[in-house]
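For reference, model-v8.txt (compact mmCIF, C-alpha atoms and all ligand atoms):
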```
# COMPACT_ATOMS: atom_id res chain seq x y z
CA MET X 51 73.54 120.26 57.43
CA ASN X 52 72.42 123.43 59.21
CA ILE X 53 72.53 123.07 62.98
CA TYR X 54 70.94 125.69 65.24
CA THR X 55 71.10 125.64 69.03
CA PHE X 56 68.52 127.72 70.90
CA GLN X 57 68.77 129.20 74.34
CA HIS X 58 65.05 129.88 74.59
CA GLU X 59 62.25 127.40 73.98
CA ALA X 60 60.13 130.11 72.32
CA ASP X 61 62.79 130.63 69.63
CA PHE X 62 63.12 126.88 69.03
CA ASN X 63 59.35 126.64 68.54
CA ALA X 64 59.06 129.79 66.42
CA THR X 65 61.84 128.64 64.08
CA GLY X 66 60.35 125.16 63.61
CA ALA X 67 56.84 126.48 63.11
CA GLY X 68 58.15 129.20 60.80
CA LEU X 69 59.81 126.66 58.52
CA ILE X 70 56.59 124.66 58.21
CA ALA X 71 54.49 127.79 57.69
CA SER X 72 56.73 129.16 54.96
CA LEU X 73 56.58 125.83 53.14
CA LEU X 74 52.76 125.97 53.30
CA HIS X 75 52.79 129.56 52.04
CA THR X 76 54.78 128.65 48.94
CA LYS X 77 53.16 125.22 48.52
CA PRO X 78 49.67 124.95 50.05
CA ARG X 79 49.42 121.29 48.93
CA ALA X 80 52.63 120.36 50.75
CA VAL X 81 53.08 116.80 52.00
CA LEU X 82 54.24 116.91 55.62
CA GLY X 83 56.04 114.07 57.37
CA LEU X 84 55.12 114.31 61.04
CA ALA X 85 56.51 112.90 64.26
CA THR X 86 55.33 112.35 67.81
CA GLY X 87 57.51 112.67 70.92
CA SER X 88 57.99 115.62 73.23
CA SER X 89 60.29 117.68 70.98
CA PRO X 90 57.72 118.82 68.36
CA ILE X 91 54.89 119.61 70.82
CA GLY X 92 55.74 123.31 71.23
CA ILE X 93 56.04 123.68 67.46
CA TYR X 94 52.62 122.10 66.99
CA GLN X 95 51.18 124.50 69.61
CA ARG X 96 52.67 127.44 67.77
CA LEU X 97 51.22 126.20 64.45
CA ILE X 98 47.79 125.90 66.08
CA GLU X 99 48.02 129.54 67.22
CA MET X 100 49.14 130.67 63.75
CA ASN X 101 46.36 128.67 62.10
CA GLN X 102 43.72 130.09 64.41
CA LYS X 103 44.93 133.63 63.65
CA GLY X 104 44.73 132.90 59.91
CA LEU X 105 48.51 133.13 59.46
CA VAL X 106 48.86 129.65 57.98
CA SER X 107 46.47 127.13 56.45
CA PHE X 108 46.64 123.34 56.27
CA ALA X 109 43.41 123.07 54.27
CA LYS X 110 45.12 121.64 51.18
CA ALA X 111 48.03 119.92 52.93
CA SER X 112 48.39 116.24 53.69
CA SER X 113 50.45 114.47 56.33
CA TYR X 114 52.12 111.12 56.91
CA ASN X 115 53.26 110.12 60.36
CA LEU X 116 56.41 108.17 60.90
CA ASP X 117 55.21 105.41 63.17
CA GLU X 118 52.57 103.83 65.40
CA TYR X 119 52.49 101.26 68.17
CA VAL X 120 51.11 97.82 67.34
CA GLY X 121 48.09 96.61 69.26
CA LEU X 122 46.92 99.60 71.31
CA PRO X 123 43.12 99.72 71.31
CA GLU X 124 41.59 102.38 69.04
CA GLY X 125 41.38 105.70 70.87
CA HIS X 126 44.03 104.68 73.42
CA PRO X 127 45.48 107.98 74.71
CA GLU X 128 49.06 106.88 74.00
CA SER X 129 48.50 105.77 70.42
CA TYR X 130 50.29 108.06 68.01
CA ARG X 131 46.99 108.68 66.17
CA SER X 132 45.49 109.98 69.43
CA PHE X 133 48.62 112.07 70.08
CA MET X 134 48.43 113.71 66.65
CA ASN X 135 44.69 114.34 66.84
CA GLU X 136 45.01 115.88 70.28
CA LYS X 137 48.24 117.85 69.83
CA LEU X 138 47.59 119.13 66.29
CA PHE X 139 44.95 117.82 63.90
CA ASN X 140 41.84 118.55 66.02
CA HIS X 141 42.84 122.21 66.34
CA ILE X 142 43.82 123.15 62.77
CA ASP X 143 42.02 123.26 59.42
CA ILE X 144 43.65 120.11 57.99
CA LYS X 145 41.13 117.62 56.58
CA ILE X 146 41.37 114.58 58.84
CA GLU X 147 41.08 112.27 55.80
CA ASN X 148 44.32 113.83 54.52
CA THR X 149 46.19 112.82 57.68
CA HIS X 150 47.81 109.39 57.71
CA VAL X 151 49.18 107.36 60.59
CA PRO X 152 50.01 103.64 60.13
CA ASP X 153 47.22 101.42 61.51
CA GLY X 154 48.75 99.43 64.36
CA ASN X 155 45.56 97.38 64.64
CA ALA X 156 45.41 96.21 61.04
CA ALA X 157 44.50 92.51 60.83
CA ASP X 158 47.33 92.06 58.33
CA LEU X 159 50.25 94.23 59.45
CA GLU X 160 52.42 93.35 56.44
CA ALA X 161 49.65 94.45 54.08
CA GLU X 162 49.27 97.68 56.09
CA CYS X 163 53.00 98.42 55.64
CA GLN X 164 52.74 97.84 51.88
CA LYS X 165 49.65 100.04 51.70
CA TYR X 166 51.44 102.84 53.56
CA ASP X 167 54.44 102.69 51.20
CA ALA X 168 52.13 102.69 48.17
CA MET X 169 50.42 105.85 49.48
CA LEU X 170 53.78 107.53 50.10
CA GLU X 171 54.90 106.54 46.63
CA ALA X 172 51.73 107.86 45.01
CA ASN X 173 51.45 111.11 46.99
CA GLY X 174 55.08 111.80 47.92
CA PRO X 175 57.76 112.70 48.11
CA VAL X 176 57.34 114.26 51.51
CA ASP X 177 58.26 117.96 51.26
CA LEU X 178 59.32 118.35 54.88
CA GLN X 179 59.93 115.46 57.27
CA ILE X 180 59.98 116.21 60.98
CA LEU X 181 62.08 113.81 63.02
CA GLY X 182 63.04 113.23 66.62
CA ILE X 183 65.81 110.93 67.83
CA GLY X 184 65.74 108.14 70.39
CA HIS X 185 68.47 107.76 73.05
CA ASN X 186 69.85 104.86 71.00
CA GLY X 187 69.86 106.87 67.76
CA HIS X 188 66.57 105.54 66.40
CA ILE X 189 64.58 107.61 63.93
CA GLY X 190 60.89 106.80 63.68
CA PHE X 191 61.18 103.36 65.28
CA ASN X 192 64.17 102.25 63.17
CA GLU X 193 66.22 100.71 65.94
CA PRO X 194 70.02 100.22 65.76
CA ASP X 195 70.84 96.92 64.06
CA GLU X 196 73.37 95.20 61.77
CA SER X 197 71.31 96.36 58.82
CA LEU X 198 68.34 98.67 58.32
CA ILE X 199 65.12 98.33 56.30
CA GLY X 200 64.18 100.82 53.59
CA GLY X 201 60.38 100.64 53.53
CA THR X 202 57.62 100.68 56.12
CA HIS X 203 57.83 97.60 58.34
CA VAL X 204 56.94 96.06 61.68
CA VAL X 205 59.67 96.37 64.28
CA LYS X 206 60.31 94.81 67.68
CA LEU X 207 61.00 97.65 70.12
CA GLN X 208 64.26 97.57 72.04
CA GLU X 209 64.07 97.52 75.82
CA LYS X 210 65.81 100.93 75.92
CA THR X 211 63.05 102.39 73.79
CA ARG X 212 60.27 100.72 75.79
CA THR X 213 61.83 101.96 79.04
CA ALA X 214 62.16 105.52 77.66
CA ASN X 215 58.50 105.50 76.60
CA ALA X 216 57.23 103.81 79.79
CA ARG X 217 56.74 107.25 81.36
CA PHE X 218 53.60 107.61 79.26
CA PHE X 219 52.07 104.27 80.38
CA PRO X 220 50.93 102.94 83.79
CA SER X 221 53.86 100.47 83.83
CA LEU X 222 56.60 99.06 81.57
CA ASP X 223 54.42 95.98 80.95
CA ASP X 224 51.81 98.21 79.30
CA VAL X 225 54.27 99.54 76.69
CA PRO X 226 53.72 97.76 73.38
CA THR X 227 56.51 95.45 72.23
CA GLN X 228 56.08 96.16 68.53
CA ALA X 229 55.47 99.12 66.24
CA ILE X 230 55.03 99.97 62.58
CA THR X 231 57.57 102.46 61.28
CA MET X 232 58.46 104.11 58.03
CA GLY X 233 61.86 102.77 57.00
CA VAL X 234 65.04 104.79 56.63
CA GLY X 235 64.68 104.68 52.84
CA SER X 236 61.26 106.36 52.99
CA ILE X 237 62.52 108.91 55.53
CA LEU X 238 65.55 109.87 53.43
CA LYS X 239 63.38 110.39 50.34
CA ALA X 240 61.93 113.57 51.90
CA LYS X 241 63.02 116.76 50.14
CA GLN X 242 63.91 118.39 53.43
CA ILE X 243 64.32 116.99 56.95
CA MET X 244 63.99 118.91 60.20
CA LEU X 245 65.48 117.07 63.18
CA LEU X 246 64.22 118.32 66.55
CA VAL X 247 65.98 117.42 69.77
CA ARG X 248 65.51 118.70 73.28
CA GLY X 249 67.12 117.71 76.55
CA GLU X 250 70.58 117.16 77.98
CA ASP X 251 69.99 113.40 78.02
CA LYS X 252 70.14 113.46 74.20
CA ALA X 253 73.47 115.37 73.97
CA GLU X 254 75.63 112.24 73.52
CA ILE X 255 73.45 110.68 70.85
CA VAL X 256 73.12 113.99 68.99
CA LYS X 257 76.91 114.22 68.84
CA ARG X 258 77.23 110.61 67.64
CA ALA X 259 74.49 111.03 65.04
CA LEU X 260 75.69 114.32 63.58
CA THR X 261 79.46 113.97 63.84
CA GLY X 262 80.20 110.25 64.35
CA PRO X 263 80.55 107.46 61.79
CA ILE X 264 77.59 106.71 59.52
CA THR X 265 76.41 103.35 60.73
CA SER X 266 73.26 101.27 61.04
CA GLN X 267 74.12 101.07 64.76
CA CYS X 268 73.01 104.72 64.92
CA PRO X 269 70.20 105.11 62.35
CA ALA X 270 70.13 108.91 62.76
CA SER X 271 73.73 109.05 61.48
CA LEU X 272 72.31 108.37 58.00
CA LEU X 273 71.00 111.92 58.04
CA GLN X 274 74.59 112.97 57.31
CA CYS X 275 73.98 111.62 53.77
CA HIS X 276 70.92 113.79 53.14
CA PRO X 277 71.47 117.04 51.21
CA ASN X 278 68.91 119.18 53.06
CA VAL X 279 68.76 118.69 56.82
CA VAL X 280 68.01 121.38 59.39
CA VAL X 281 68.68 120.49 63.03
CA LEU X 282 67.05 122.43 65.88
CA LEU X 283 68.54 121.75 69.32
CA ASP X 284 67.92 123.23 72.71
CA GLN X 285 70.97 124.06 74.80
CA GLY X 286 70.99 120.70 76.58
CA ALA X 287 70.79 118.62 73.41
CA GLY X 288 73.40 120.82 71.71
CA ARG X 289 75.85 120.78 74.64
CA LEU X 290 78.47 118.61 72.89
CA ILE X 291 78.12 120.06 69.38
C1 LIG A 1 59.59 108.06 70.02
C2 LIG A 1 59.10 108.11 68.58
C3 LIG A 1 60.14 108.72 67.69
C4 LIG A 1 60.57 110.03 68.30
C5 LIG A 1 61.25 109.77 69.62
C6 LIG A 1 61.90 111.01 70.23
O1 LIG A 1 60.44 107.00 70.24
N1 LIG A 1 58.79 106.83 68.05
O2 LIG A 1 59.61 108.91 66.39
O3 LIG A 1 61.43 110.67 67.42
O4 LIG A 1 60.24 109.25 70.45
O5 LIG A 1 61.10 111.63 71.16
P1 LIG A 1 61.35 113.03 71.85
O6 LIG A 1 60.84 114.07 70.90
O7 LIG A 1 60.51 112.94 73.09
O8 LIG A 1 62.80 113.20 72.10
```

Give the structure from the file, written as structure tokens.
Amino acid sequence: MNIYTFQHEADFNATGAGLIASLLHTKPRAVLGLATGSSPIGIYQRLIEMNQKGLVSFAKASSYNLDEYVGLPEGHPESYRSFMNEKLFNHIDIKIENTHVPDGNAADLEAECQKYDAMLEANGPVDLQILGIGHNGHIGFNEPDESLIGGTHVVKLQEKTRTANARFFPSLDDVPTQAITMGVGSILKAKQIMLLVRGEDKAEIVKRALTGPITSQCPASLLQCHPNVVVLLDQGAGRLI
């Protein structure tokens, strides 16, 4: 596991964007695993700038997002589809039909999960999976539990996660109670994983995940088993490493 801690936000973003761009240079048809959250936003902005200057192209690439809330109306500003369109897809040359986010409004959520896994199976493996981490160690929306699920599934969000994400909604009551997430099995199948973490409030969980015991009570600790993980931390998140 290669862990880098950055003093300056610009270097964090340039390194993350650079890794994605060099993958696309060597493999224009790369399959990207993408994440929402605040940590990748600066990297997405940097990729937009590079794309608009002709320094990188997504024209042949495809993407699979990790997760989506269940039950937010289509076009809701806080849906992860809206986030991805607004923060990245609408501003780069990726073909929107090659971008995939689980459909949290599917009439049959179980069938949607199976469909998502079948697409990942057919078009994967993911070349580079971007990940963030929740305060409780979740990756995607795989919450700490006695056991974890391998494939894409519907999950009940923990109160800690709903509270952390309430800042994006008018009130806690408006935060969905369920989500669809890729499972840890699908995440760990990626050829390379880039974990992005920013903020002092994540320092404890970063330490547990990267140096503590490998346990389903901290899903991100499973990353210790993956042969090709790059971790980008800002100074706050890397304080205890
Ligand atoms: C949400 C998402 C996760 C993401 C996490 C971390 O809970 N479901 O996939 O990794 O936020 O977010 P941040 O990047 O803001 O630390």

May I have the residues within 10 Å of ligand LIG 1 (chain A), computed using all atoms listed in the file, as a ChimeraX atom specification?
/X:84-91,115-119,130,180-193,207,210-212,214-215,229-232,245-249,251-252,287

Pick out the closest residue to His276 (chain X) from this set: X:Asn52, X:Ala71, X:Gln57, X:Val225. Count all atoms listed in the file.
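That would be X:Asn52, the residue with the smallest distance to His276 (chain X).
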
Find the residues of region 201-241 of chain X that sit at most 12 Å from region 147-166 of chain X; for each, write down the nearest two atoms and how far apart they are in Å, to one decimal. Count only C-alpha atoms. Sort by chain, then by number going up, and give it as a Markdown table.
```
| residue | atom | partner | partner_atom | distance |
| --- | --- | --- | --- | --- |
| X:Gly201 | CA | X:Cys163 | CA | 8.0 |
| X:Thr202 | CA | X:Cys163 | CA | 5.2 |
| X:His203 | CA | X:Cys163 | CA | 5.6 |
| X:Val204 | CA | X:Leu159 | CA | 7.3 |
| X:Val205 | CA | X:Leu159 | CA | 10.8 |
| X:Pro226 | CA | X:Gly154 | CA | 10.4 |
| X:Thr227 | CA | X:Gly154 | CA | 11.7 |
| X:Gln228 | CA | X:Gly154 | CA | 9.0 |
| X:Ala229 | CA | X:Gly154 | CA | 7.0 |
| X:Ile230 | CA | X:Gly154 | CA | 6.5 |
| X:Thr231 | CA | X:Pro152 | CA | 7.7 |
| X:Met232 | CA | X:Cys163 | CA | 8.2 |
| X:Gly233 | CA | X:Cys163 | CA | 10.0 |
| X:Ser236 | CA | X:Tyr166 | CA | 10.4 |
```

Save out the residues we just selected, C-alpha atoms, as a tab-separated table (two decimals), in the coordinates of the input.
```
chain	number	residue	atom	x	y	z
X	201	GLY	CA	60.38	100.64	53.53
X	202	THR	CA	57.62	100.68	56.12
X	203	HIS	CA	57.83	97.60	58.34
X	204	VAL	CA	56.94	96.06	61.68
X	205	VAL	CA	59.67	96.37	64.28
X	226	PRO	CA	53.72	97.76	73.38
X	227	THR	CA	56.51	95.45	72.23
X	228	GLN	CA	56.08	96.16	68.53
X	229	ALA	CA	55.47	99.12	66.24
X	230	ILE	CA	55.03	99.97	62.58
X	231	THR	CA	57.57	102.46	61.28
X	232	MET	CA	58.46	104.11	58.03
X	233	GLY	CA	61.86	102.77	57.00
X	236	SER	CA	61.26	106.36	52.99
```

Looking at X:Asn63, X:Gln274, X:Gln208, X:Ser112, which one is nearest to Ile93 (chain X), with distances taken over all atoms listed in the file?
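Between X:Asn63, X:Gln274, X:Gln208, X:Ser112, the residue approaching Ile93 (chain X) most closely is X:Asn63.
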
Straight-line distance linking CA of Arg79 (chain X) with CA of Glu124 (chain X), stated in Å to one decimal:
28.7 Å

Tell me, as a PyMOL selection string, which residues lie within 12 Å of Leu272 (chain X), counting all atoms listed in the file; anything in the same chain fewer than 3 positions away does not count.
chain X and resi 51+187-189+192+194+198+200+233-235+237-239+243+258-269+275-277+279

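Of the residues under consideration (X:Leu138, X:Met100, X:Val106, X:Val280), X:Val106 shows the shortest atom-to-atom contact distance to Lys77 (chain X) when counting only C-alpha atoms.
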
Quick check, in Å to one decimal: how far apart do CA of Arg217 (chain X) and CA of Leu283 (chain X) lie?
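CA of Leu283 (chain X) lies 22.2 Å from CA of Arg217 (chain X).
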
Nearest residue to Glu99 (chain X) from the set X:Gly68, X:Pro220, X:Pro78, X:Gly121 (distances using all atoms listed in the file)
X:Gly68

Among listed residues X:Leu178, X:Val120, X:Ile142, X:Leu170, nearest Ile70 (chain X) (using only C-alpha atoms)
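When distances to Ile70 (chain X) are compared using only C-alpha atoms, the smallest one comes from X:Leu178.
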
Enter the distance from CA of Arg131 (chain X) to CA of Asp61 (chain X), in Å, rounded to one decimal.
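Rounded to one decimal, the two atoms are 27.3 Å apart.
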
What's the 7 Å shell around Gln179 (chain X), counting only C-alpha atoms, without same-chain residues fewer than 5 positions away, as a PyMOL selection string?
chain X and resi 82-84+240+242-244

For Asn173 (chain X), list every protein, DNA or RNA residue within 10 Å, evaluated using all atoms listed in the file, and leave out those in the same chain fewer than 5 positions away; present the list as a ChimeraX atom specification.
/X:81,112-114,167-168

Print the selection's residues with C-alpha atoms to a file, as a PDB file, in the frame of the given file.
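File produced: again.pdb:
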```pdb
ATOM      1  CA  VAL X  81      53.080 116.800  52.000  1.00  0.00           C
ATOM      2  CA  SER X 112      48.390 116.240  53.690  1.00  0.00           C
ATOM      3  CA  SER X 113      50.450 114.470  56.330  1.00  0.00           C
ATOM      4  CA  TYR X 114      52.120 111.120  56.910  1.00  0.00           C
ATOM      5  CA  ASP X 167      54.440 102.690  51.200  1.00  0.00           C
ATOM      6  CA  ALA X 168      52.130 102.690  48.170  1.00  0.00           C
TER       7      ALA X 168
END
```

Find the residues near Thr55 (chain X): any atom within 9 Å, counting only C-alpha atoms, skip ones fewer than 3 places away on the same chain, and give them as JSON, numbers by chain.
{"X": [62, 281, 282, 283, 284, 285, 287, 288, 289, 291]}

Return as JSON the centre and edge lengths, in Å with one decimal, of the box along x, y and z that encloses every atom of region 235-239 of chain X in the file, padded by 4 Å per side.
```
{"center_x": 63.4, "center_y": 107.5, "center_z": 52.9, "size_x": 12.3, "size_y": 13.7, "size_z": 13.2}
```

Have a look at X:Ala111, X:Asp177, X:Phe218, X:His58 and name the one nearest to Phe133 (chain X); count only C-alpha atoms.
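For Phe133 (chain X), the nearest of the candidates is X:Phe218.
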
Would you output region 69-100 of chain X from that structure, restricted to N, CA and C atoms, as a PDB file, in the first residue's frame?
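Wrote part.pdb, looks like this:
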```pdb
ATOM      1  N   LEU X  69      -2.955  10.372 -11.870  1.00  0.00           N
ATOM      2  CA  LEU X  69      -3.051   8.904 -11.913  1.00  0.00           C
ATOM      3  C   LEU X  69      -4.153   8.466 -12.883  1.00  0.00           C
ATOM      4  N   ILE X  70      -5.277   9.156 -12.830  1.00  0.00           N
ATOM      5  CA  ILE X  70      -6.398   8.824 -13.725  1.00  0.00           C
ATOM      6  C   ILE X  70      -6.018   9.144 -15.169  1.00  0.00           C
ATOM      7  N   ALA X  71      -5.382  10.305 -15.369  1.00  0.00           N
ATOM      8  CA  ALA X  71      -5.007  10.701 -16.733  1.00  0.00           C
ATOM      9  C   ALA X  71      -3.984   9.743 -17.323  1.00  0.00           C
ATOM     10  N   SER X  72      -3.019   9.301 -16.525  1.00  0.00           N
ATOM     11  CA  SER X  72      -2.013   8.402 -17.120  1.00  0.00           C
ATOM     12  C   SER X  72      -2.627   7.054 -17.440  1.00  0.00           C
ATOM     13  N   LEU X  73      -3.594   6.608 -16.651  1.00  0.00           N
ATOM     14  CA  LEU X  73      -4.302   5.376 -17.016  1.00  0.00           C
ATOM     15  C   LEU X  73      -4.997   5.550 -18.370  1.00  0.00           C
ATOM     16  N   LEU X  74      -5.675   6.690 -18.537  1.00  0.00           N
ATOM     17  CA  LEU X  74      -6.409   6.931 -19.800  1.00  0.00           C
ATOM     18  C   LEU X  74      -5.458   7.091 -20.987  1.00  0.00           C
ATOM     19  N   HIS X  75      -4.256   7.565 -20.726  1.00  0.00           N
ATOM     20  CA  HIS X  75      -3.279   7.685 -21.820  1.00  0.00           C
ATOM     21  C   HIS X  75      -2.854   6.300 -22.297  1.00  0.00           C
ATOM     22  N   THR X  76      -2.604   5.403 -21.345  1.00  0.00           N
ATOM     23  CA  THR X  76      -2.136   4.068 -21.751  1.00  0.00           C
ATOM     24  C   THR X  76      -3.310   3.185 -22.161  1.00  0.00           C
ATOM     25  N   LYS X  77      -4.500   3.457 -21.613  1.00  0.00           N
ATOM     26  CA  LYS X  77      -5.665   2.616 -21.914  1.00  0.00           C
ATOM     27  C   LYS X  77      -6.895   3.503 -22.113  1.00  0.00           C
ATOM     28  N   PRO X  78      -7.101   4.022 -23.324  1.00  0.00           N
ATOM     29  CA  PRO X  78      -8.225   4.946 -23.534  1.00  0.00           C
ATOM     30  C   PRO X  78      -9.592   4.329 -23.191  1.00  0.00           C
ATOM     31  N   ARG X  79      -9.707   2.990 -23.301  1.00  0.00           N
ATOM     32  CA  ARG X  79     -10.988   2.347 -22.988  1.00  0.00           C
ATOM     33  C   ARG X  79     -11.088   1.923 -21.520  1.00  0.00           C
ATOM     34  N   ALA X  80     -10.348   2.581 -20.660  1.00  0.00           N
ATOM     35  CA  ALA X  80     -10.318   2.189 -19.248  1.00  0.00           C
ATOM     36  C   ALA X  80     -11.719   2.217 -18.630  1.00  0.00           C
ATOM     37  N   VAL X  81     -11.907   1.301 -17.672  1.00  0.00           N
ATOM     38  CA  VAL X  81     -13.150   1.272 -16.891  1.00  0.00           C
ATOM     39  C   VAL X  81     -12.824   1.928 -15.544  1.00  0.00           C
ATOM     40  N   LEU X  82     -13.496   3.038 -15.272  1.00  0.00           N
ATOM     41  CA  LEU X  82     -13.234   3.790 -14.040  1.00  0.00           C
ATOM     42  C   LEU X  82     -14.308   3.485 -13.005  1.00  0.00           C
ATOM     43  N   GLY X  83     -13.902   3.258 -11.780  1.00  0.00           N
ATOM     44  CA  GLY X  83     -14.854   3.132 -10.677  1.00  0.00           C
ATOM     45  C   GLY X  83     -14.870   4.466  -9.959  1.00  0.00           C
ATOM     46  N   LEU X  84     -16.019   5.121  -9.913  1.00  0.00           N
ATOM     47  CA  LEU X  84     -16.044   6.498  -9.388  1.00  0.00           C
ATOM     48  C   LEU X  84     -16.811   6.594  -8.076  1.00  0.00           C
ATOM     49  N   ALA X  85     -16.503   7.650  -7.341  1.00  0.00           N
ATOM     50  CA  ALA X  85     -17.109   7.867  -6.026  1.00  0.00           C
ATOM     51  C   ALA X  85     -17.605   9.298  -5.909  1.00  0.00           C
ATOM     52  N   THR X  86     -18.570   9.481  -5.040  1.00  0.00           N
ATOM     53  CA  THR X  86     -19.032  10.835  -4.707  1.00  0.00           C
ATOM     54  C   THR X  86     -18.333  11.257  -3.409  1.00  0.00           C
ATOM     55  N   GLY X  87     -18.896  12.210  -2.696  1.00  0.00           N
ATOM     56  CA  GLY X  87     -18.258  12.688  -1.466  1.00  0.00           C
ATOM     57  C   GLY X  87     -17.437  13.924  -1.773  1.00  0.00           C
ATOM     58  N   SER X  88     -16.932  14.551  -0.697  1.00  0.00           N
ATOM     59  CA  SER X  88     -16.198  15.803  -0.902  1.00  0.00           C
ATOM     60  C   SER X  88     -14.748  15.560  -1.336  1.00  0.00           C
ATOM     61  N   SER X  89     -14.175  14.426  -0.972  1.00  0.00           N
ATOM     62  CA  SER X  89     -12.738  14.216  -1.231  1.00  0.00           C
ATOM     63  C   SER X  89     -12.348  14.205  -2.706  1.00  0.00           C
ATOM     64  N   PRO X  90     -13.156  13.612  -3.624  1.00  0.00           N
ATOM     65  CA  PRO X  90     -12.708  13.611  -5.026  1.00  0.00           C
ATOM     66  C   PRO X  90     -13.036  14.873  -5.806  1.00  0.00           C
ATOM     67  N   ILE X  91     -13.773  15.834  -5.234  1.00  0.00           N
ATOM     68  CA  ILE X  91     -14.270  16.963  -6.032  1.00  0.00           C
ATOM     69  C   ILE X  91     -13.140  17.748  -6.713  1.00  0.00           C
ATOM     70  N   GLY X  92     -12.072  18.029  -5.978  1.00  0.00           N
ATOM     71  CA  GLY X  92     -10.961  18.804  -6.546  1.00  0.00           C
ATOM     72  C   GLY X  92     -10.273  18.041  -7.670  1.00  0.00           C
ATOM     73  N   ILE X  93     -10.230  16.729  -7.545  1.00  0.00           N
ATOM     74  CA  ILE X  93      -9.626  15.883  -8.584  1.00  0.00           C
ATOM     75  C   ILE X  93     -10.503  15.924  -9.836  1.00  0.00           C
ATOM     76  N   TYR X  94     -11.812  15.867  -9.637  1.00  0.00           N
ATOM     77  CA  TYR X  94     -12.717  15.951 -10.787  1.00  0.00           C
ATOM     78  C   TYR X  94     -12.566  17.322 -11.477  1.00  0.00           C
ATOM     79  N   GLN X  95     -12.430  18.375 -10.674  1.00  0.00           N
ATOM     80  CA  GLN X  95     -12.255  19.722 -11.274  1.00  0.00           C
ATOM     81  C   GLN X  95     -10.988  19.775 -12.116  1.00  0.00           C
ATOM     82  N   ARG X  96      -9.946  19.201 -11.589  1.00  0.00           N
ATOM     83  CA  ARG X  96      -8.661  19.179 -12.297  1.00  0.00           C
ATOM     84  C   ARG X  96      -8.795  18.384 -13.608  1.00  0.00           C
ATOM     85  N   LEU X  97      -9.512  17.257 -13.554  1.00  0.00           N
ATOM     86  CA  LEU X  97      -9.697  16.446 -14.770  1.00  0.00           C
ATOM     87  C   LEU X  97     -10.508  17.215 -15.818  1.00  0.00           C
ATOM     88  N   ILE X  98     -11.480  17.995 -15.350  1.00  0.00           N
ATOM     89  CA  ILE X  98     -12.271  18.818 -16.277  1.00  0.00           C
ATOM     90  C   ILE X  98     -11.339  19.804 -16.991  1.00  0.00           C
ATOM     91  N   GLU X  99     -10.476  20.469 -16.213  1.00  0.00           N
ATOM     92  CA  GLU X  99      -9.535  21.432 -16.821  1.00  0.00           C
ATOM     93  C   GLU X  99      -8.637  20.729 -17.841  1.00  0.00           C
ATOM     94  N   MET X 100      -8.111  19.571 -17.463  1.00  0.00           N
ATOM     95  CA  MET X 100      -7.205  18.828 -18.362  1.00  0.00           C
ATOM     96  C   MET X 100      -7.943  18.391 -19.624  1.00  0.00           C
TER      97      MET X 100
END
```
